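Shown here: input-v4.csv, CSV, C-alpha atoms and all ligand atoms.
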chain,number,residue,atom,x,y,z
A,1,MET,CA,-221.1,156.7,-45.0
A,2,VAL,CA,-222.8,159.5,-47.0
A,3,THR,CA,-226.4,158.6,-47.7
A,4,ARG,CA,-227.5,161.8,-49.4
A,5,ALA,CA,-226.2,163.8,-52.4
A,6,LEU,CA,-223.0,165.8,-52.0
A,7,ASP,CA,-222.8,169.1,-53.8
A,8,VAL,CA,-219.5,170.9,-53.9
A,9,VAL,CA,-218.7,174.3,-55.3
A,10,LEU,CA,-215.1,175.0,-56.4
A,11,LEU,CA,-214.2,178.7,-56.3
A,12,GLY,CA,-211.0,180.4,-57.3
A,13,PRO,CA,-209.5,182.7,-59.8
A,14,PRO,CA,-209.0,181.8,-63.5
A,15,GLY,CA,-206.3,179.2,-63.7
A,16,ALA,CA,-206.5,178.2,-60.0
A,17,GLY,CA,-206.8,174.6,-61.1
A,18,LYS,CA,-210.5,174.3,-60.6
A,19,GLY,CA,-211.0,172.1,-63.7
A,20,THR,CA,-208.0,169.9,-62.9
A,21,GLN,CA,-209.1,169.3,-59.4
A,22,ALA,CA,-212.9,169.1,-60.2
A,23,LYS,CA,-212.2,166.2,-62.6
A,24,CYS,CA,-210.2,164.3,-59.8
A,25,LEU,CA,-212.8,165.0,-57.2
A,26,ALA,CA,-215.7,163.9,-59.4
A,27,ALA,CA,-214.0,160.7,-60.3
A,28,ALA,CA,-213.0,159.9,-56.7
A,29,LEU,CA,-216.5,160.5,-55.2
A,30,SER,CA,-218.6,159.5,-58.3
A,31,LEU,CA,-220.0,163.0,-58.6
A,32,LEU,CA,-221.1,164.8,-61.8
A,33,HIS,CA,-218.6,167.4,-62.9
A,34,ILE,CA,-220.4,170.5,-64.2
A,35,SER,CA,-218.1,173.1,-65.7
A,36,THR,CA,-220.0,176.0,-67.2
A,37,GLY,CA,-216.9,177.0,-69.0
A,38,ASP,CA,-216.7,173.6,-70.8
A,39,LEU,CA,-220.4,173.6,-71.5
A,40,LEU,CA,-220.1,177.1,-73.0
A,41,ARG,CA,-217.1,176.1,-75.1
A,42,GLU,CA,-219.1,173.1,-76.4
A,43,GLU,CA,-221.9,175.5,-77.5
A,44,VAL,CA,-219.4,177.8,-79.2
A,45,ALA,CA,-217.8,174.8,-81.0
A,46,LYS,CA,-221.3,173.7,-82.2
A,47,ASN,CA,-222.0,177.3,-83.3
A,48,SER,CA,-225.4,177.0,-81.6
A,49,PRO,CA,-227.5,180.1,-81.1
A,50,LEU,CA,-226.4,180.1,-77.4
A,51,GLY,CA,-222.8,179.6,-78.4
A,52,GLN,CA,-223.0,182.5,-80.9
A,53,GLU,CA,-224.3,184.7,-78.2
A,54,ALA,CA,-221.8,183.6,-75.6
A,55,ALA,CA,-218.6,183.7,-77.8
A,56,SER,CA,-218.0,187.5,-77.8
A,57,PHE,CA,-218.3,187.7,-74.0
A,58,MET,CA,-215.9,184.8,-73.5
A,59,GLN,CA,-213.3,186.3,-76.0
A,60,ARG,CA,-213.3,189.5,-74.0
A,61,GLY,CA,-213.0,187.8,-70.7
A,62,GLU,CA,-216.4,189.0,-69.6
A,63,LEU,CA,-219.1,187.0,-67.9
A,64,VAL,CA,-221.7,185.4,-70.1
A,65,PRO,CA,-225.2,186.8,-69.1
A,66,ASP,CA,-226.8,184.8,-66.2
A,67,ASP,CA,-229.9,183.7,-68.2
A,68,LEU,CA,-227.8,182.0,-70.9
A,69,VAL,CA,-225.7,180.2,-68.4
A,70,ALA,CA,-228.7,179.2,-66.4
A,71,LYS,CA,-230.3,177.4,-69.4
A,72,MET,CA,-227.3,175.2,-69.8
A,73,LEU,CA,-226.9,174.6,-66.1
A,74,LEU,CA,-230.6,173.5,-65.8
A,75,ALA,CA,-230.3,171.1,-68.7
A,76,ARG,CA,-227.2,169.5,-67.2
A,77,LEU,CA,-228.4,169.4,-63.6
A,78,TYR,CA,-231.7,167.7,-64.5
A,79,THR,CA,-230.1,165.0,-66.5
A,80,GLN,CA,-228.5,163.5,-63.5
A,81,GLN,CA,-231.1,163.4,-60.7
A,82,GLY,CA,-230.6,160.5,-58.4
A,83,LEU,CA,-226.8,160.5,-58.8
A,84,ALA,CA,-224.5,161.2,-55.8
A,85,GLY,CA,-224.3,165.0,-56.4
A,86,CYS,CA,-222.2,167.5,-58.4
A,87,VAL,CA,-218.9,169.3,-58.4
A,88,PHE,CA,-219.7,172.8,-59.7
A,89,ASP,CA,-216.7,174.2,-61.5
A,90,GLY,CA,-217.0,177.9,-62.5
A,91,TYR,CA,-220.5,178.2,-61.2
A,92,PRO,CA,-221.7,180.3,-59.4
A,93,ARG,CA,-219.8,183.4,-60.4
A,94,THR,CA,-222.3,186.1,-59.3
A,95,GLN,CA,-224.6,186.6,-56.4
A,96,ALA,CA,-227.6,186.0,-58.7
A,97,GLN,CA,-226.1,182.7,-59.9
A,98,ALA,CA,-225.5,181.7,-56.2
A,99,GLU,CA,-229.2,182.3,-55.5
A,100,LEU,CA,-230.3,180.4,-58.5
A,101,LEU,CA,-228.1,177.4,-57.6
A,102,ASP,CA,-229.6,177.4,-54.0
A,103,GLN,CA,-233.0,177.4,-55.5
A,104,LEU,CA,-232.4,174.6,-58.0
A,105,LEU,CA,-230.7,172.4,-55.4
A,106,ALA,CA,-233.5,173.1,-52.9
A,107,GLU,CA,-236.0,171.8,-55.5
A,108,LEU,CA,-234.0,168.6,-55.6
A,109,GLY,CA,-233.9,168.4,-51.8
A,110,ARG,CA,-230.2,169.4,-51.9
A,111,ARG,CA,-227.9,172.3,-50.9
A,112,VAL,CA,-224.3,173.5,-51.4
A,113,ASP,CA,-222.6,171.3,-48.8
A,114,VAL,CA,-219.2,172.7,-49.2
A,115,ALA,CA,-217.6,175.6,-51.1
A,116,VAL,CA,-213.8,175.2,-51.6
A,117,TYR,CA,-211.7,178.2,-52.4
A,118,LEU,CA,-208.5,177.2,-54.2
A,119,GLU,CA,-206.1,180.0,-53.2
A,120,VAL,CA,-203.5,180.8,-55.9
A,121,PRO,CA,-201.7,184.2,-56.3
A,122,ASP,CA,-202.1,186.2,-59.5
A,123,GLY,CA,-198.5,185.6,-60.7
A,124,GLU,CA,-199.0,181.8,-60.7
A,125,VAL,CA,-202.4,182.2,-62.5
A,126,VAL,CA,-200.7,184.1,-65.4
A,127,ALA,CA,-197.9,181.4,-65.6
A,128,ARG,CA,-200.5,178.5,-65.5
A,129,LEU,CA,-202.8,180.0,-68.1
A,130,GLY,CA,-199.9,181.2,-70.3
A,131,GLY,CA,-198.7,177.6,-70.7
A,132,ARG,CA,-202.1,175.9,-70.9
A,133,ARG,CA,-202.9,173.8,-73.9
A,134,SER,CA,-206.3,172.3,-74.4
A,135,CYS,CA,-207.8,169.6,-76.5
A,136,PRO,CA,-210.7,171.0,-78.6
A,137,ASN,CA,-212.0,167.5,-79.1
A,138,CYS,CA,-212.1,165.7,-75.7
A,139,GLY,CA,-211.4,168.7,-73.4
A,140,ALA,CA,-208.2,167.3,-71.8
A,141,VAL,CA,-206.0,170.0,-70.4
A,142,TYR,CA,-202.2,170.2,-70.4
A,143,HIS,CA,-199.4,172.6,-69.5
A,144,VAL,CA,-196.3,173.1,-71.6
A,145,GLN,CA,-194.1,172.8,-68.5
A,146,THR,CA,-196.0,171.2,-65.7
A,147,LYS,CA,-198.1,168.7,-67.7
A,148,PRO,CA,-196.8,168.3,-71.2
A,149,PRO,CA,-198.4,165.8,-73.5
A,150,ALA,CA,-196.3,162.7,-74.5
A,151,ARG,CA,-196.1,164.0,-78.1
A,152,GLU,CA,-195.7,167.7,-78.5
A,153,GLY,CA,-198.9,169.5,-79.5
A,154,LEU,CA,-201.0,166.3,-79.5
A,155,CYS,CA,-203.6,165.1,-77.0
A,156,ASP,CA,-202.6,161.9,-75.1
A,157,VAL,CA,-206.2,160.9,-74.9
A,158,CYS,CA,-207.5,161.3,-78.5
A,159,GLY,CA,-204.5,162.4,-80.6
A,160,SER,CA,-206.1,165.7,-81.7
A,161,GLY,CA,-204.0,168.8,-82.1
A,162,LEU,CA,-203.9,170.9,-78.9
A,163,VAL,CA,-204.8,174.6,-79.0
A,164,VAL,CA,-204.3,177.7,-76.9
A,165,ARG,CA,-207.7,178.9,-75.6
A,166,GLU,CA,-208.6,182.3,-77.1
A,167,ASP,CA,-209.1,183.8,-73.6
A,168,ASP,CA,-205.7,182.7,-72.5
A,169,ARG,CA,-204.0,185.7,-74.0
A,170,GLU,CA,-202.4,187.9,-71.4
A,171,GLU,CA,-204.7,190.9,-71.8
A,172,VAL,CA,-207.8,188.7,-71.6
A,173,ILE,CA,-206.3,186.9,-68.5
A,174,ARG,CA,-206.0,190.3,-66.8
A,175,GLN,CA,-209.6,191.1,-67.6
A,176,ARG,CA,-210.8,187.7,-66.4
A,177,LEU,CA,-209.0,188.3,-63.1
A,178,SER,CA,-210.5,191.7,-62.7
A,179,VAL,CA,-214.0,190.3,-63.4
A,180,TYR,CA,-213.3,187.5,-60.9
A,181,ARG,CA,-212.3,190.1,-58.2
A,182,SER,CA,-215.4,192.2,-58.7
A,183,HIS,CA,-218.1,189.6,-59.3
A,184,THR,CA,-217.0,186.2,-57.9
A,185,GLU,CA,-214.7,186.9,-55.0
A,186,PRO,CA,-217.6,188.4,-52.9
A,187,LEU,CA,-219.2,184.9,-52.9
A,188,LEU,CA,-216.5,183.8,-50.5
A,189,GLU,CA,-218.1,185.9,-47.8
A,190,LEU,CA,-221.5,184.5,-48.6
A,191,TYR,CA,-220.3,180.9,-48.2
A,192,GLU,CA,-218.2,181.8,-45.2
A,193,LYS,CA,-221.2,183.3,-43.4
A,194,ARG,CA,-223.0,180.1,-44.1
A,195,GLY,CA,-220.2,178.1,-42.5
A,196,VAL,CA,-219.5,176.0,-45.6
A,197,LEU,CA,-216.4,177.7,-47.0
A,198,ARG,CA,-213.1,175.8,-46.9
A,199,ARG,CA,-209.8,177.4,-48.0
A,200,VAL,CA,-207.3,175.1,-49.7
A,201,ASP,CA,-203.8,176.1,-50.7
A,202,GLY,CA,-203.8,175.8,-54.5
A,203,LEU,CA,-200.0,175.9,-54.9
A,204,GLY,CA,-197.9,172.7,-55.3
A,205,ALA,CA,-198.2,169.4,-57.1
A,206,VAL,CA,-201.7,168.5,-58.4
A,207,ASP,CA,-201.7,165.3,-56.2
A,208,ALA,CA,-200.8,167.2,-53.1
A,209,ILE,CA,-203.5,169.8,-53.7
A,210,PHE,CA,-206.0,167.0,-54.4
A,211,ALA,CA,-205.2,165.4,-51.1
A,212,ARG,CA,-205.9,168.7,-49.3
A,213,LEU,CA,-209.1,169.2,-51.3
A,214,LYS,CA,-210.4,165.7,-50.4
A,215,GLU,CA,-209.6,166.3,-46.7
A,216,ALA,CA,-211.5,169.6,-46.8
A,217,VAL,CA,-214.5,168.0,-48.4
A,218,LYS,CA,-214.6,164.9,-46.2
A,219,GLY,CA,-214.2,167.1,-43.1
A,220,SER,CA,-217.2,169.1,-44.1
A,221,VAL,CA,-219.3,166.1,-44.8
A,222,ALA,CA,-218.4,164.6,-41.5
A,223,ARG,CA,-219.7,167.7,-39.6
A,301,LIG,P1,-213.9,178.9,-67.4
A,301,LIG,O1,-213.5,177.9,-68.4
A,301,LIG,O2,-214.7,178.4,-66.2
A,301,LIG,O3,-212.6,179.6,-67.0
A,301,LIG,P2,-212.0,180.1,-65.5
A,301,LIG,O4,-212.8,180.1,-64.4
A,301,LIG,O5,-211.3,181.3,-65.9
A,301,LIG,O6,-211.0,178.9,-65.2
A,301,LIG,P3,-210.0,178.2,-66.1
A,301,LIG,O7,-210.7,177.1,-66.9
A,301,LIG,O8,-209.3,179.2,-66.9
A,301,LIG,O9,-209.0,177.6,-65.1
A,301,LIG,P4,-209.1,176.5,-64.0
A,301,LIG,O10,-209.2,177.1,-62.7
A,301,LIG,O11,-210.2,175.5,-64.4
A,301,LIG,O12,-207.7,175.9,-64.1
A,301,LIG,P5,-207.2,174.6,-64.9
A,301,LIG,O13,-207.5,173.4,-64.1
A,301,LIG,O14,-207.6,174.5,-66.3
A,301,LIG,O15,-214.7,180.1,-68.1
A,301,LIG,C1,-214.3,180.6,-69.3
A,301,LIG,C2,-215.2,181.8,-69.6
A,301,LIG,O16,-216.6,181.2,-69.8
A,301,LIG,C3,-215.4,182.9,-68.6
A,301,LIG,O17,-214.4,183.9,-68.7
A,301,LIG,C4,-216.8,183.4,-69.0
A,301,LIG,O18,-216.7,184.2,-70.1
A,301,LIG,C5,-217.6,182.1,-69.3
A,301,LIG,N1,-218.2,181.5,-68.1
A,301,LIG,C6,-217.9,180.3,-67.6
A,301,LIG,N2,-218.8,180.1,-66.6
A,301,LIG,C7,-219.6,181.2,-66.5
A,301,LIG,C8,-220.6,181.5,-65.5
A,301,LIG,N3,-221.0,180.7,-64.5
A,301,LIG,N4,-221.2,182.7,-65.7
A,301,LIG,C9,-220.9,183.6,-66.7
A,301,LIG,N5,-219.9,183.3,-67.6
A,301,LIG,C10,-219.2,182.1,-67.5
A,301,LIG,O19,-205.6,174.8,-64.8
A,301,LIG,C11,-205.0,175.9,-65.6
A,301,LIG,C12,-203.6,175.4,-66.1
A,301,LIG,O20,-202.8,175.2,-65.0
A,301,LIG,C13,-203.6,174.1,-66.9
A,301,LIG,O21,-202.7,174.2,-67.9
A,301,LIG,C14,-203.2,173.1,-65.8
A,301,LIG,O22,-202.6,171.9,-66.4
A,301,LIG,C15,-202.3,173.9,-65.0
A,301,LIG,N6,-202.3,173.4,-63.6
A,301,LIG,C16,-203.4,173.0,-62.8
A,301,LIG,N7,-203.0,172.7,-61.6
A,301,LIG,C17,-201.7,173.0,-61.5
A,301,LIG,C18,-200.7,172.8,-60.4
A,301,LIG,N8,-201.0,172.4,-59.2
A,301,LIG,N9,-199.4,173.2,-60.7
A,301,LIG,C19,-199.1,173.7,-62.0
A,301,LIG,N10,-199.9,173.8,-63.0
A,301,LIG,C20,-201.2,173.4,-62.8
Can I see the file as structure tokens?
Amino acid sequence: MVTRALDVVLLGPPGAGKGTQAKCLAAALSLLHISTGDLLREEVAKNSPLGQEAASFMQRGELVPDDLVAKMLLARLYTQQGLAGCVFDGYPRTQAQAELLDQLLAELGRRVDVAVYLEVPDGEVVARLGGRRSCPNCGAVYHVQTKPPAREGLCDVCGSGLVVREDDREEVIRQRLSVYRSHTEPLLELYEKRGVLRRVDGLGAVDAIFARLKEAVKGSVAR
């Protein structure tokens, strides 16, 4: 039985299925799902000062500056002290963010217990993101081929009209992939050296990937 918090980082290229799997893992292990992408999109939708600043970076497929993302992360992390831990989805994305996460977790007496790398080739990423449809109201995510909504164009959960994310255009996807390679992929080495990196094949059915993910996380906790 796990008696301390469990903190899991999900790594992988855009469209690897981090959000899809993070929601499943958080629900299965009663962890808080923290997606910095979702938090940023909420700020953009509210047209808050932070959202206004972040929007142009996101539309271009660039990273939002670390200090802006850190403010949001802090607010979210400190709302849930005492819970079982977090699944970090889309954070960290840079060396500086990885250092900040270590520092914040250490202040709570915690650490990154396991970093899971969802391995998905670029061709699959483009296919997944090209067909993604998102609910701007409740955040549910669909795919026109692999996970279509029951009624075309409408969210199964709340009935809102589904949209194509602005950064899911092909040229922006290419840019996001390039930013991922240069800034985020090097974190694999960091977590590998620490002995907490687990590689999970991100191809196949969502349930099959989730079974592999759970095994990887449970195996790490049992160490
Ligand atoms: P963010 O929203 O985090 O985007 P991302 O990392 O590029 O990841 P995605 O959300 O695109 O994909 P995913 O891996 O979650 O895949 P999903 O499960 O949706 O960030 C967006 C932007 O915000 C960034 O570009 C940046 O500007 C900014 N940002 C965010 N965090 C930041 C940070 N820390 N620092 C600085 N800037 C930051 O799946 C994709 C599609 O595939 C869906 O349609 C899904 O239904 C489908 N699918 C999922 N699994 C499968 C499967 N097994 N088979 C077939 N289809 C599948």
Which residues, written as a PDB file with C-alpha atoms, in the frame of the given file, have at least one atom at most 12 Å from Thr94 of chain A, with all atoms listed in the file counted and residues fewer than 6 positions away on the same chain left out?
ATOM      1  CA  LEU A  11    -214.200 178.700 -56.300  1.00  0.00           C
ATOM      2  CA  LEU A  63    -219.100 187.000 -67.900  1.00  0.00           C
ATOM      3  CA  VAL A  64    -221.700 185.400 -70.100  1.00  0.00           C
ATOM      4  CA  PRO A  65    -225.200 186.800 -69.100  1.00  0.00           C
ATOM      5  CA  ASP A  66    -226.800 184.800 -66.200  1.00  0.00           C
ATOM      6  CA  ASP A  67    -229.900 183.700 -68.200  1.00  0.00           C
ATOM      7  CA  VAL A  69    -225.700 180.200 -68.400  1.00  0.00           C
ATOM      8  CA  ALA A  70    -228.700 179.200 -66.400  1.00  0.00           C
ATOM      9  CA  LEU A 100    -230.300 180.400 -58.500  1.00  0.00           C
ATOM     10  CA  LEU A 101    -228.100 177.400 -57.600  1.00  0.00           C
ATOM     11  CA  VAL A 179    -214.000 190.300 -63.400  1.00  0.00           C
ATOM     12  CA  TYR A 180    -213.300 187.500 -60.900  1.00  0.00           C
ATOM     13  CA  ARG A 181    -212.300 190.100 -58.200  1.00  0.00           C
ATOM     14  CA  SER A 182    -215.400 192.200 -58.700  1.00  0.00           C
ATOM     15  CA  HIS A 183    -218.100 189.600 -59.300  1.00  0.00           C
ATOM     16  CA  THR A 184    -217.000 186.200 -57.900  1.00  0.00           C
ATOM     17  CA  GLU A 185    -214.700 186.900 -55.000  1.00  0.00           C
ATOM     18  CA  PRO A 186    -217.600 188.400 -52.900  1.00  0.00           C
ATOM     19  CA  LEU A 187    -219.200 184.900 -52.900  1.00  0.00           C
ATOM     20  CA  LEU A 188    -216.500 183.800 -50.500  1.00  0.00           C
ATOM     21  CA  LEU A 190    -221.500 184.500 -48.600  1.00  0.00           C
TER      22      LEU A 190
END
Checklist line | Among the residues A:Gln21, A:Thr36, A:Thr146, A:Ser48, the one that comes closest to Tyr117 of chain A [using all atoms listed in the file] | finding: A:Gln21
Next item on the list: Fewer than 4 positions away in the same chain doesn't count, so skip those; otherwise give me all residues within 7 Å of Val172 of chain A, counting only C-alpha atoms, as a list in words.
Entry: Arg60, Gly61, Asp167, Asp168 and Arg176 of chain A
Output C-alpha atoms of each residue in that selection to a file, as a compact mmCIF listing (two decimals), in the frame of the given file.
# COMPACT_ATOMS: atom_id res chain seq x y z
CA ARG A 60 -213.30 189.50 -74.00
CA GLY A 61 -213.00 187.80 -70.70
CA ASP A 167 -209.10 183.80 -73.60
CA ASP A 168 -205.70 182.70 -72.50
CA ARG A 176 -210.80 187.70 -66.40
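Between atom N2 of ligand LIG 301 (chain A) and atom CA of Val125 of chain A the interatomic distance comes to 17.0 Å.
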Name the residues within 8 Å of (-207.7, 170.6, -52.2), counting only C-alpha atoms in the file's coordinates, and put them as a CSV table (one decimal) with C-alpha atoms, in the frame of the given file.
chain,number,residue,atom,x,y,z
A,21,GLN,CA,-209.1,169.3,-59.4
A,116,VAL,CA,-213.8,175.2,-51.6
A,118,LEU,CA,-208.5,177.2,-54.2
A,200,VAL,CA,-207.3,175.1,-49.7
A,201,ASP,CA,-203.8,176.1,-50.7
A,202,GLY,CA,-203.8,175.8,-54.5
A,208,ALA,CA,-200.8,167.2,-53.1
A,209,ILE,CA,-203.5,169.8,-53.7
A,210,PHE,CA,-206.0,167.0,-54.4
A,211,ALA,CA,-205.2,165.4,-51.1
A,212,ARG,CA,-205.9,168.7,-49.3
A,213,LEU,CA,-209.1,169.2,-51.3
A,214,LYS,CA,-210.4,165.7,-50.4
A,215,GLU,CA,-209.6,166.3,-46.7
A,216,ALA,CA,-211.5,169.6,-46.8
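When only C-alpha atoms and all ligand atoms are used to compute distances to ligand LIG 301 (chain A), the closest of the residues A:Ala75, A:Val8, A:Val126, A:Gly109 turns out to be A:Val126.
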